[in-house]
Amino acid sequence: MYNHILSIVLFTPLVGAALLLLVPKENKDAIRWIANIFGFLGFAVSLPLVPWFWAAKERAGFQFVEGAPNNWIPTIGAGYVLGIDGISFLLIMLTTVLGAISILSSWNAIQDRVKEYYIWFLALQTGMLGVFMANDMFLFFVFWEAMLVPMYLLIGIWGGPRKLYAAIKFFLYTLFGSVLMLLGILFLYFHHHTLTGVYTFYLPDLYATAPKIGGHAAIWLFFAFFLGFAIKVPMFPFHTWLPDAHVEAPTAGSVILAGVLLKMGTYGLIRFSLPFFPAVAMTPWVRQFMIVLSLIGIIYGALVSLMQKDMKKLVAYSSVSHLGFCTLGIFALSPLGLSGSVLQQINHGISTGALFLIVGILYERRHTREINEYGGISNVMPLYATITLIMFMSSMGLPLLNGFVGEFTILQGTFMENKVWAAWAVPGVILAAAYLLWLYQRVFFGPVNNPKNEKLLDLSGRELATFVPLIALAFWIGLYPKPFFQILSTPVNNLVATVRPDYPGLNANKPVVATQPAATPQPVTTSLKTQESVIPTEGVSPSGGTCCASVAHTSSPDKQVLRLRARATREVRESQKQAGRSAQDDTVRISAATPTNSANAQLALANAK
Amino acid sequence: MTTSLTQYFSSTDYLLSLPMLLLTLFALGILLIDLLLPAQWKRINAITALMGLAFSAAAVGKLHWAYHVAQQKGLGFVDTGFMGTLLVDPFALYFFYLFLAGAAIAVLMSMRYLEIEQENHGEFYALLLFSVVGMMCMAAGYDIVLLFIGLELMAISTYVLVGFLRRDKRSNEAALKYLLLGAFSSGIFAYGLSLFYGLTGTTNLGKIAAGLQQIIATRPTDPVVIFALLATTTGLLFKIAAVPFHQWAPDAYEGAPTSITGFMSVAVKAAGWAMLLRIFLFGLYPLRSMYVPLLIFVSIATMTGGNLAAITQTNLKRLLAYSSIAHVGYMLLGLIASDGQTNSTGIMAILIYLLVYTFMNLGAFAVITSLRRRNIIGDEIDDIAGLYFKAPTEAILMLVFLLSLAGIPPLAGFWGKYFIFLSLIQTGHYALASIAVLYAVIGLYYYMRIANAMLIRQPVEAEPVRISPSMTLALTVTAIGTIGIGLFPNFFINAVNWSLGITQGSHHMAALLR
């Protein structure tokens with residue numbers, strides 16, 4: 001279980017989808033039950049990750065690593081390798097929670113083609129989890145692309161009146177970004193081969209070589225990746241697909257789209273763009289360009305939200321604004337900004353997910369989302385009104401709720417980098433309060449003007465159940481965010497150390513490897529620890545081997561060392577291939593860890609010379 | 001040159017031509033048996049054809065095995081026959097397998113279709129087998145005469161097959177157009193080849209290369225060489241339907257019986273490619289610096305023309321015809337990137353592309369074939385509308401084929417594009433790579449138009465869609481091919497590497513080029 005936890009989490013939804021294939025499509029209730037069970041199961045199997053990851057939170061690098069490099073398609077060097085760090089851990093938990101909630105929320109909303117709906121939904125779930133888990137660029141790309149298909153169908157089949165337009169727009173836009181990213185990936189892959197003589201998509205290996213690309217090539221590549229991710233986020237001016245997709249998608253689709261899919265873009269920026277091209281990210285004009293786009297997104301999104309007559313469109317544009325905060329935090333490139341950004345991504349998933357559920361509940365009852373159709377709803381649906389208020393507060397960043405913590409941290413991190421940037425972001429917070437409170441006033445306060453609204457039913461038990469976990473999380477993060485920051489501190493600090501080796505105070509900030517318990521069940525981290533003790537770090541280099549450990553050491557190993565390293569890896573992999581044919585899981589896991597070990601021995605040798 | 005010149009037909013020749021001989025025998029057999037068969041037993045023709053393909057495949061397997069054994073023992077495998085005109089190397093064997101698979105699936109698709117069209121004659125299958133013989137000559141020809149004979153055998157068989165629906169005006173028109181343009185292009189092609197013969201005094205590809213090398217060394221811009229190259233290239237580009245020589249394709253594809261359209265778009269095209277690669281990489285290699293700029297222009301024009309024209313089509317067969325033109329544009333990029341000497345990824349990409357294209361495109365055509373019902377022609381986009389409500393499994397399979405054609409991983413079609421893009425990146429053609437990926441996005445749009453109609457729109461007519469057992473088999477094979485190659489491409493990548501003589505770490509098609 002421990003060794004395969006990631007695969008189990010990844011494939012549980014897909015197993016559910018496969019089971020659903022066998023159920024006759026007339027039997028709608030059975031289908032709903034099975035889908036919900038697997039939705040919940042998907043969450044339940046991810047729960048053991050929480051204590052296990054908590055125990056491992058201070059270890060650098062990827063945890064729960066599974067599979068080995070190049071084991072899937074050896075001829076091209078693609079492998080089925082999964083692994084998570086603090087950033088992906090939080091996003092995975094968010095995905096499983098929101099997945100279960102969205103499936104539960106679709107019970108009444110989806111009446112035709114129920115079977116297909118749940119099959120695609122569960123398949124989508126696996127695709128998204130795969131994106132966050134993949135430790136292999138190729139595997140990542142496969143999940144990244146394959147996930148578009150179920151989402152496209154969810155919008156296209158169960159969407160609103162303009163569903164075809166919205167679905168194809170979503171698909172084409174995202175594909176446009178990702179094909180350019182594919183070229184970028186191929187370039188990195190080929191570049192790795194030129195340096196080391198090995199073809200591999202294995203992420204840690206690419207982390208080692210990608211930053212060595214210099215000059216114009218690096219900038220072009222950065223923007224190829226950036227385009228793929230920025231469209232997904234979406235950053236201004238690539239956001240035009242988002243309102244269409246959100247408005248037309250079914251409620252659960254919007255929840256997942258806003259809650260998880262958009263995070264894949266920010267995740268990509270953090271996981272790939274920054275460690276691959278640290279120098280480009282730190283180039284002043286590039287960084288400023290990114291910040292400016294984020295700021296425009298924040299303010300523009302909020303202003304457009306103010307103008308909306310359709311509730312769902314309002315929430316959709318508010319996502320542009322909130323995601324602007326996330327990218328602002330990323331390109332603030334400080335530990336505070338980055339961890340605030342990741343936390344804000346989680347927050348956005350929680351609160352915007354809830355907002356879409358809220359809109360969906362009214363829509364299910366009235367089949368309209370026009371704001372002026374409503375008024376005085378708090379009189380007829382008091383419980384609903386209360387929950388809505390809480391989630392609005394959370395979304396606008398009221399203290400004691402989650403949104404505040406995230407936005408505050410981002411602003412703090414940005415302020416420390418550049419006061420002007422932070423100043424420009426602040427109106428976003430105010431405008432968020434404006435459009436949400438105004439919306440609340442128009443929909444919930446006042447007398448019930450519209451006779452159609454007089455007999456609306458308050459929340460059912462099932463609907464309430466979809467909100468409970470979100471409210472609990474909102475309060476938890478709002479009141480006691482420390483555990484989240486603790487989980488994020490290791491990967492974020494290492495990332496900042498990678499991108500900005502001169503960033504002050506990172507070592508003091510982080511009591512990482514020294515305090516680690518001696519007996520770890522994780523062979524991979526052991527090896528990383530070894531790596532730490534072996535390599536004499538120069539200057540202010542990070543104290544932890546990281547997901548990007550090798551990048552961090554780019555000052556010491558030169559081309560020759562990289563070659564050595566690659567050769568060692570290759571040798572070990574070959575011997576592993578011979579020895580490990582009949583090997584059981586454990587052997588494979590251990591051997592998956594060994595390459596780093598022996599490569600490090602070589603590295604140390606080279607350093608000693 | 002191992003065959004003794006005093007002997008015109010040795011046992012090696014016999015062995016090497018066995019796949020073709022068997023196919024010819026079975027084709028002739030079908031023609032004879034057909035005379036004796038009563039109308040309701042015509043299916044036996046199809047079964048005979050399948051048996052012929054199976055026997056031929058067994059013969060190819062035998063050659064493959066002999067090659068393998070010879071390699072294991074370190075002996076040379078005698079792969080040239082008929083005084084050096086026939087070259088059955090791994091490259092040819094790979095294409096043999098490909099043609100046989102494509103033809104077998106086409107036979108499966110045709111069985112019920114021909115009954116509905118009431119054109120269930122044995123000649124259909126005989127011609128199909130003859131055209132495969134022609135293709136094999138094109139893939140294994142190492143002599144421009146044999147190449148040309150193979151080309152004509154294939155082409156004449158397909159001209160007839162395109163016009164096989166005698167009562168259908170569209171089919172007649174398509175056949176006539178195809179015949180006229182095809183004969184015209186063959187003429188130009190033959191003229192180009194004859195000039196090369198005149199220049200070098202030989203018909204053997206290897207010797208032509210050597211001769212051209214000398215000519216180029218002394219006269220780098222010999223107008224006759226340039227003219228010969230232009231004529232040959234034009235003929236070849238006609239055969240693979242590259243822009244601006246593509247006009248015949250949409251008409252021929254639309255008018256031909258649907259199973260033949262599928263067959264033409266994969267096997268005939270693969271044969272064209274086999275011949276093109278043989279000629280460009282073997283015979284005309286010294287002229288590479290001359291033909292690459294030409295191909296760059298043609299490939300961009302092909303991607304543009306194919307993709308943009310496909311967007312507005314309402315006829316499924318025409319749409320797929322334009323899309324297959326676009327695919328040729330991508331494949332040409334592989335030839336632009338790689339020369340087989342310093343880099344072979346692009347060549348490998350073309351071979352992989354042809355393999356996956358065989359499965360996914362035939363799969364798509366199989367679905368369209370099954371739309372043909374008693375009173376419905378079934379090749380308009382409206383005919384596929386609401387297919388999901390009539391035949392859900394088929395609709396989902398069609399979705400798989402379309403996504404694969406669009407190049408979405410982890411389906412087979414992705415691998416074709418993947419290696420094309422990789423070869424472009426490896427050789428530094430970044431601009432071309434960017435253009436190609438952007439056209440891939442456009443491609444998705446028109447494929448998704450079909451998917452939208454199929455999955456989201458309601459049916460236009462109520463006529464049910466029935467799937468015959470042979471069609472089920474065809475769909476199963478193509479679906480397994482499309483998904484299986486997509487998920488586990490390792491075996492197939494290795495197979496292609498073997499067929500090109502690429503060993504791990506070398507970029508040289510060493511065993512192939514001589």
# chains A, B, ... in the order shown; residues from 1 in each chain; ligands from 1

$ residues_around --residues "region 94-100 of chain B" --least-positions-apart "5" --cutoff "7 Å" --atoms "only C-alpha atoms" --output "PyMOL selection string"
chain B and resi 53+57+132+136+139+267+355+499

$ write_last_selection --atoms "N, CA and C atoms" --output "PDB file, in the first residue's frame"
ATOM      1  N   LEU B  53      -3.900 -13.322 -48.712  1.00  0.00           N
ATOM      2  CA  LEU B  53      -3.116 -12.369 -47.927  1.00  0.00           C
ATOM      3  C   LEU B  53      -2.397 -13.077 -46.793  1.00  0.00           C
ATOM      4  N   ALA B  57       1.475 -13.317 -46.238  1.00  0.00           N
ATOM      5  CA  ALA B  57       2.076 -12.870 -44.984  1.00  0.00           C
ATOM      6  C   ALA B  57       2.994 -13.953 -44.433  1.00  0.00           C
ATOM      7  N   VAL B 132      -1.822  -5.043 -54.516  1.00  0.00           N
ATOM      8  CA  VAL B 132      -0.831  -5.278 -53.456  1.00  0.00           C
ATOM      9  C   VAL B 132       0.472  -5.793 -54.060  1.00  0.00           C
ATOM     10  N   MET B 136       4.127  -4.147 -53.578  1.00  0.00           N
ATOM     11  CA  MET B 136       5.322  -4.841 -53.108  1.00  0.00           C
ATOM     12  C   MET B 136       6.498  -4.565 -54.039  1.00  0.00           C
ATOM     13  N   ALA B 139       7.883  -1.244 -53.147  1.00  0.00           N
ATOM     14  CA  ALA B 139       8.669  -1.174 -51.912  1.00  0.00           C
ATOM     15  C   ALA B 139       9.996  -1.898 -52.068  1.00  0.00           C
ATOM     16  N   ALA B 267      -2.830   2.111 -47.857  1.00  0.00           N
ATOM     17  CA  ALA B 267      -1.876   1.211 -48.510  1.00  0.00           C
ATOM     18  C   ALA B 267      -1.284   1.841 -49.758  1.00  0.00           C
ATOM     19  N   LEU B 355       2.428   3.419 -40.439  1.00  0.00           N
ATOM     20  CA  LEU B 355       1.882   2.288 -39.686  1.00  0.00           C
ATOM     21  C   LEU B 355       0.644   2.698 -38.902  1.00  0.00           C
ATOM     22  N   SER B 499      13.728  -2.155 -39.363  1.00  0.00           N
ATOM     23  CA  SER B 499      13.515  -2.104 -40.798  1.00  0.00           C
ATOM     24  C   SER B 499      14.417  -1.069 -41.453  1.00  0.00           C
TER      25      SER B 499
END

$ interface_residues --of "chain B" --to "chain A" --cutoff "8 Å" --atoms "only C-alpha atoms" --output "list in words"
Ile408, Pro409, Pro410, Phe421, Leu422, Ile425, Gln426, Ala433, Ser434, Val437, Leu438, Val441, Ile442, Leu444, Tyr445, Met448, Asn452, Leu455, Ile456, Phe488, Pro489, Asn490, Ile493 and Asn494 of chain B

$ closest_residue --among "B:Ile396, B:Leu146, B:Ala453, B:Ile216" --to "Leu284 (chain B)" --atoms "only C-alpha atoms"
B:Ile216

$ residues_around --residues "Ser378 (chain A)" --least-positions-apart "5" --cutoff "7 Å" --atoms "only C-alpha atoms" --output "PyMOL selection string"
chain A and resi 385+444-445

$ write_last_selection --atoms "N, CA and C atoms" --output "PDB file, in the first residue's frame"
ATOM      1  N   ALA A 385     -28.361  30.801   2.219  1.00  0.00           N
ATOM      2  CA  ALA A 385     -27.822  32.156   2.289  1.00  0.00           C
ATOM      3  C   ALA A 385     -26.634  32.227   3.233  1.00  0.00           C
ATOM      4  N   PHE A 444     -29.654  38.139  -2.421  1.00  0.00           N
ATOM      5  CA  PHE A 444     -30.163  37.590  -1.169  1.00  0.00           C
ATOM      6  C   PHE A 444     -30.966  38.589  -0.338  1.00  0.00           C
ATOM      7  N   PHE A 445     -30.655  39.867  -0.447  1.00  0.00           N
ATOM      8  CA  PHE A 445     -31.320  40.822   0.430  1.00  0.00           C
ATOM      9  C   PHE A 445     -32.564  41.405  -0.226  1.00  0.00           C
TER      10      PHE A 445
END

$ residues_around --residues "Pro51 (chain A)" --least-positions-apart "4" --cutoff "12 Å" --atoms "only C-alpha atoms" --output "PyMOL selection string"
chain A and resi 2+46-47+55-57+89+483+487

$ residues_around --residues "Leu295 (chain B)" --least-positions-apart "3" --cutoff "10 Å" --atoms "only C-alpha atoms" --output "list in words"
Thr233, Leu237, Ala242, Met290, Tyr291, Val292, Val298, Ser299, Ile300, Ala301, Thr302, Gly329, Leu332, Leu333, Leu335 and Ile336 of chain B

$ write_last_selection --atoms "all heavy atoms" --output "mmCIF file, in the first residue's frame"
data_model
loop_
_atom_site.group_PDB
_atom_site.id
_atom_site.type_symbol
_atom_site.label_atom_id
_atom_site.label_comp_id
_atom_site.auth_asym_id
_atom_site.auth_seq_id
_atom_site.Cartn_x
_atom_site.Cartn_y
_atom_site.Cartn_z
ATOM 1 N N THR B 233 10.236 14.219 -59.223
ATOM 2 C CA THR B 233 9.584 14.664 -57.990
ATOM 3 C C THR B 233 8.104 14.938 -58.233
ATOM 4 O O THR B 233 7.257 14.563 -57.418
ATOM 5 C CB THR B 233 10.263 15.952 -57.484
ATOM 6 O OG1 THR B 233 11.658 15.760 -57.525
ATOM 7 C CG2 THR B 233 9.838 16.263 -56.077
ATOM 8 N N LEU B 237 5.198 13.200 -56.179
ATOM 9 C CA LEU B 237 4.290 13.991 -55.345
ATOM 10 C C LEU B 237 2.840 13.800 -55.779
ATOM 11 O O LEU B 237 1.921 13.853 -54.962
ATOM 12 C CB LEU B 237 4.679 15.471 -55.394
ATOM 13 C CG LEU B 237 6.030 15.786 -54.754
ATOM 14 C CD1 LEU B 237 6.355 17.261 -54.898
ATOM 15 C CD2 LEU B 237 6.032 15.411 -53.280
ATOM 16 N N ALA B 242 0.436 15.307 -52.783
ATOM 17 C CA ALA B 242 0.907 16.496 -52.088
ATOM 18 C C ALA B 242 0.491 17.723 -52.897
ATOM 19 O O ALA B 242 0.454 17.667 -54.117
ATOM 20 C CB ALA B 242 2.426 16.441 -51.938
ATOM 21 N N MET B 290 19.275 19.760 -53.538
ATOM 22 C CA MET B 290 18.380 20.392 -54.508
ATOM 23 C C MET B 290 16.924 20.122 -54.164
ATOM 24 O O MET B 290 16.075 20.993 -54.320
ATOM 25 C CB MET B 290 18.636 19.847 -55.907
ATOM 26 C CG MET B 290 19.927 20.286 -56.505
ATOM 27 S SD MET B 290 19.952 19.715 -58.207
ATOM 28 C CE MET B 290 21.670 19.782 -58.541
ATOM 29 N N TYR B 291 16.622 18.899 -53.745
ATOM 30 C CA TYR B 291 15.193 18.620 -53.561
ATOM 31 C C TYR B 291 14.652 19.045 -52.207
ATOM 32 O O TYR B 291 13.448 19.200 -52.053
ATOM 33 C CB TYR B 291 14.834 17.166 -53.906
ATOM 34 C CG TYR B 291 15.381 16.052 -53.045
ATOM 35 C CD1 TYR B 291 14.982 15.911 -51.726
ATOM 36 C CD2 TYR B 291 16.251 15.099 -53.571
ATOM 37 C CE1 TYR B 291 15.458 14.869 -50.954
ATOM 38 C CE2 TYR B 291 16.714 14.050 -52.800
ATOM 39 C CZ TYR B 291 16.330 13.936 -51.491
ATOM 40 O OH TYR B 291 16.791 12.908 -50.733
ATOM 41 N N VAL B 292 15.532 19.263 -51.220
ATOM 42 C CA VAL B 292 14.997 19.643 -49.906
ATOM 43 C C VAL B 292 14.255 20.979 -49.931
ATOM 44 O O VAL B 292 13.134 21.063 -49.427
ATOM 45 C CB VAL B 292 16.108 19.608 -48.832
ATOM 46 C CG1 VAL B 292 15.688 20.359 -47.596
ATOM 47 C CG2 VAL B 292 16.434 18.172 -48.486
ATOM 48 N N VAL B 298 6.734 22.380 -50.749
ATOM 49 C CA VAL B 298 5.594 21.491 -50.957
ATOM 50 C C VAL B 298 4.961 21.104 -49.620
ATOM 51 O O VAL B 298 3.733 21.071 -49.484
ATOM 52 C CB VAL B 298 6.037 20.227 -51.723
ATOM 53 C CG1 VAL B 298 4.933 19.196 -51.733
ATOM 54 C CG2 VAL B 298 6.428 20.593 -53.123
ATOM 55 N N SER B 299 5.770 20.851 -48.628
ATOM 56 C CA SER B 299 5.184 20.371 -47.376
ATOM 57 C C SER B 299 4.377 21.473 -46.690
ATOM 58 O O SER B 299 3.290 21.213 -46.172
ATOM 59 C CB SER B 299 6.287 19.819 -46.480
ATOM 60 O OG SER B 299 6.462 20.601 -45.366
ATOM 61 N N ILE B 300 4.897 22.703 -46.720
ATOM 62 C CA ILE B 300 4.096 23.786 -46.118
ATOM 63 C C ILE B 300 2.801 23.970 -46.903
ATOM 64 O O ILE B 300 1.707 24.091 -46.342
ATOM 65 C CB ILE B 300 4.906 25.097 -46.072
ATOM 66 C CG1 ILE B 300 6.070 24.925 -45.107
ATOM 67 C CG2 ILE B 300 4.041 26.250 -45.628
ATOM 68 C CD1 ILE B 300 6.974 26.118 -45.036
ATOM 69 N N ALA B 301 2.925 23.948 -48.247
ATOM 70 C CA ALA B 301 1.719 24.099 -49.056
ATOM 71 C C ALA B 301 0.741 22.964 -48.788
ATOM 72 O O ALA B 301 -0.475 23.172 -48.716
ATOM 73 C CB ALA B 301 2.109 24.118 -50.535
ATOM 74 N N THR B 302 1.271 21.761 -48.591
ATOM 75 C CA THR B 302 0.400 20.613 -48.371
ATOM 76 C C THR B 302 -0.329 20.712 -47.044
ATOM 77 O O THR B 302 -1.533 20.468 -46.959
ATOM 78 C CB THR B 302 1.225 19.318 -48.437
ATOM 79 O OG1 THR B 302 1.975 19.328 -49.633
ATOM 80 C CG2 THR B 302 0.342 18.113 -48.402
ATOM 81 N N GLY B 329 1.641 16.196 -45.687
ATOM 82 C CA GLY B 329 2.471 17.360 -45.408
ATOM 83 C C GLY B 329 3.358 17.132 -44.193
ATOM 84 O O GLY B 329 4.553 17.431 -44.218
ATOM 85 N N LEU B 332 6.146 14.668 -45.048
ATOM 86 C CA LEU B 332 7.223 15.260 -45.848
ATOM 87 C C LEU B 332 8.245 15.953 -44.948
ATOM 88 O O LEU B 332 9.433 15.975 -45.256
ATOM 89 C CB LEU B 332 6.641 16.261 -46.846
ATOM 90 C CG LEU B 332 6.067 15.673 -48.129
ATOM 91 C CD1 LEU B 332 5.351 16.744 -48.915
ATOM 92 C CD2 LEU B 332 7.173 15.072 -48.979
ATOM 93 N N LEU B 333 7.767 16.494 -43.843
ATOM 94 C CA LEU B 333 8.693 17.156 -42.920
ATOM 95 C C LEU B 333 9.761 16.192 -42.437
ATOM 96 O O LEU B 333 10.910 16.568 -42.219
ATOM 97 C CB LEU B 333 7.927 17.723 -41.723
ATOM 98 C CG LEU B 333 7.000 18.889 -42.011
ATOM 99 C CD1 LEU B 333 6.234 19.253 -40.758
ATOM 100 C CD2 LEU B 333 7.808 20.076 -42.468
ATOM 101 N N LEU B 335 11.081 13.767 -44.084
ATOM 102 C CA LEU B 335 12.100 13.613 -45.129
ATOM 103 C C LEU B 335 12.968 14.863 -45.227
ATOM 104 O O LEU B 335 14.156 14.787 -45.543
ATOM 105 C CB LEU B 335 11.408 13.329 -46.467
ATOM 106 C CG LEU B 335 12.329 13.031 -47.642
ATOM 107 C CD1 LEU B 335 13.179 11.814 -47.342
ATOM 108 C CD2 LEU B 335 11.530 12.795 -48.891
ATOM 109 N N ILE B 336 12.360 16.002 -44.916
ATOM 110 C CA ILE B 336 13.147 17.237 -44.944
ATOM 111 C C ILE B 336 14.176 17.228 -43.816
ATOM 112 O O ILE B 336 15.326 17.612 -43.999
ATOM 113 C CB ILE B 336 12.217 18.456 -44.803
ATOM 114 C CG1 ILE B 336 11.346 18.583 -46.049
ATOM 115 C CG2 ILE B 336 13.010 19.718 -44.565
ATOM 116 C CD1 ILE B 336 10.174 19.499 -45.876
#

$ residues_around --residues "Gly346 (chain B)" --least-positions-apart "5" --cutoff "12 Å" --atoms "only C-alpha atoms" --output "number ranges by chain"
B: 277, 330-341, 351-353, 415-427, 429, 496-497, 500, 507-509

$ atom_distance --atom1 "CA of Phe238 (chain B)" --atom2 "CA of Phe492 (chain B)"
28.8 Å

$ atom_distance --atom1 "CA of Leu15 (chain B)" --atom2 "CA of Leu276 (chain B)"
25.2 Å

$ select_by_dssp --residues "region 67-297 of chain B" --states "alpha helix (DSSP H)" --output "PyMOL selection string"
chain B and resi 67-72+90-117+122-140+144-162+169-200+205-218+223-239+248-255+258-263+269-277+288-297

$ atom_distance --atom1 "CA of Leu87 (chain B)" --atom2 "CA of Met138 (chain B)"
10.3 Å

$ residues_around --residues "Phe484 (chain A)" --least-positions-apart "2" --cutoff "9 Å" --atoms "only C-alpha atoms" --output "PyMOL selection string"
chain A and resi 86+90+339+343+477+480-482+486-489

$ write_last_selection --atoms "C-alpha atoms" --output "CSV table (one decimal), in the first residue's frame"
chain,number,residue,atom,x,y,z
A,86,GLY,CA,4.5,19.4,-0.9
A,90,LEU,CA,-1.8,19.7,-1.6
A,339,SER,CA,3.9,29.4,-0.8
A,343,LEU,CA,-2.0,28.1,-0.8
A,477,ILE,CA,-6.8,27.3,6.5
A,480,TYR,CA,-4.5,27.6,11.4
A,481,PRO,CA,-2.6,27.6,8.2
A,482,LYS,CA,0.6,26.6,9.7
A,486,GLN,CA,5.1,23.7,6.8
A,487,ILE,CA,4.2,21.3,4.0
A,488,LEU,CA,5.1,23.9,1.4
A,489,SER,CA,8.3,25.2,3.0

$ closest_residue --among "B:Ile260, B:Leu75, B:Ile144, B:Ala364" --to "Ala104 (chain B)" --atoms "only C-alpha atoms"
B:Ile260
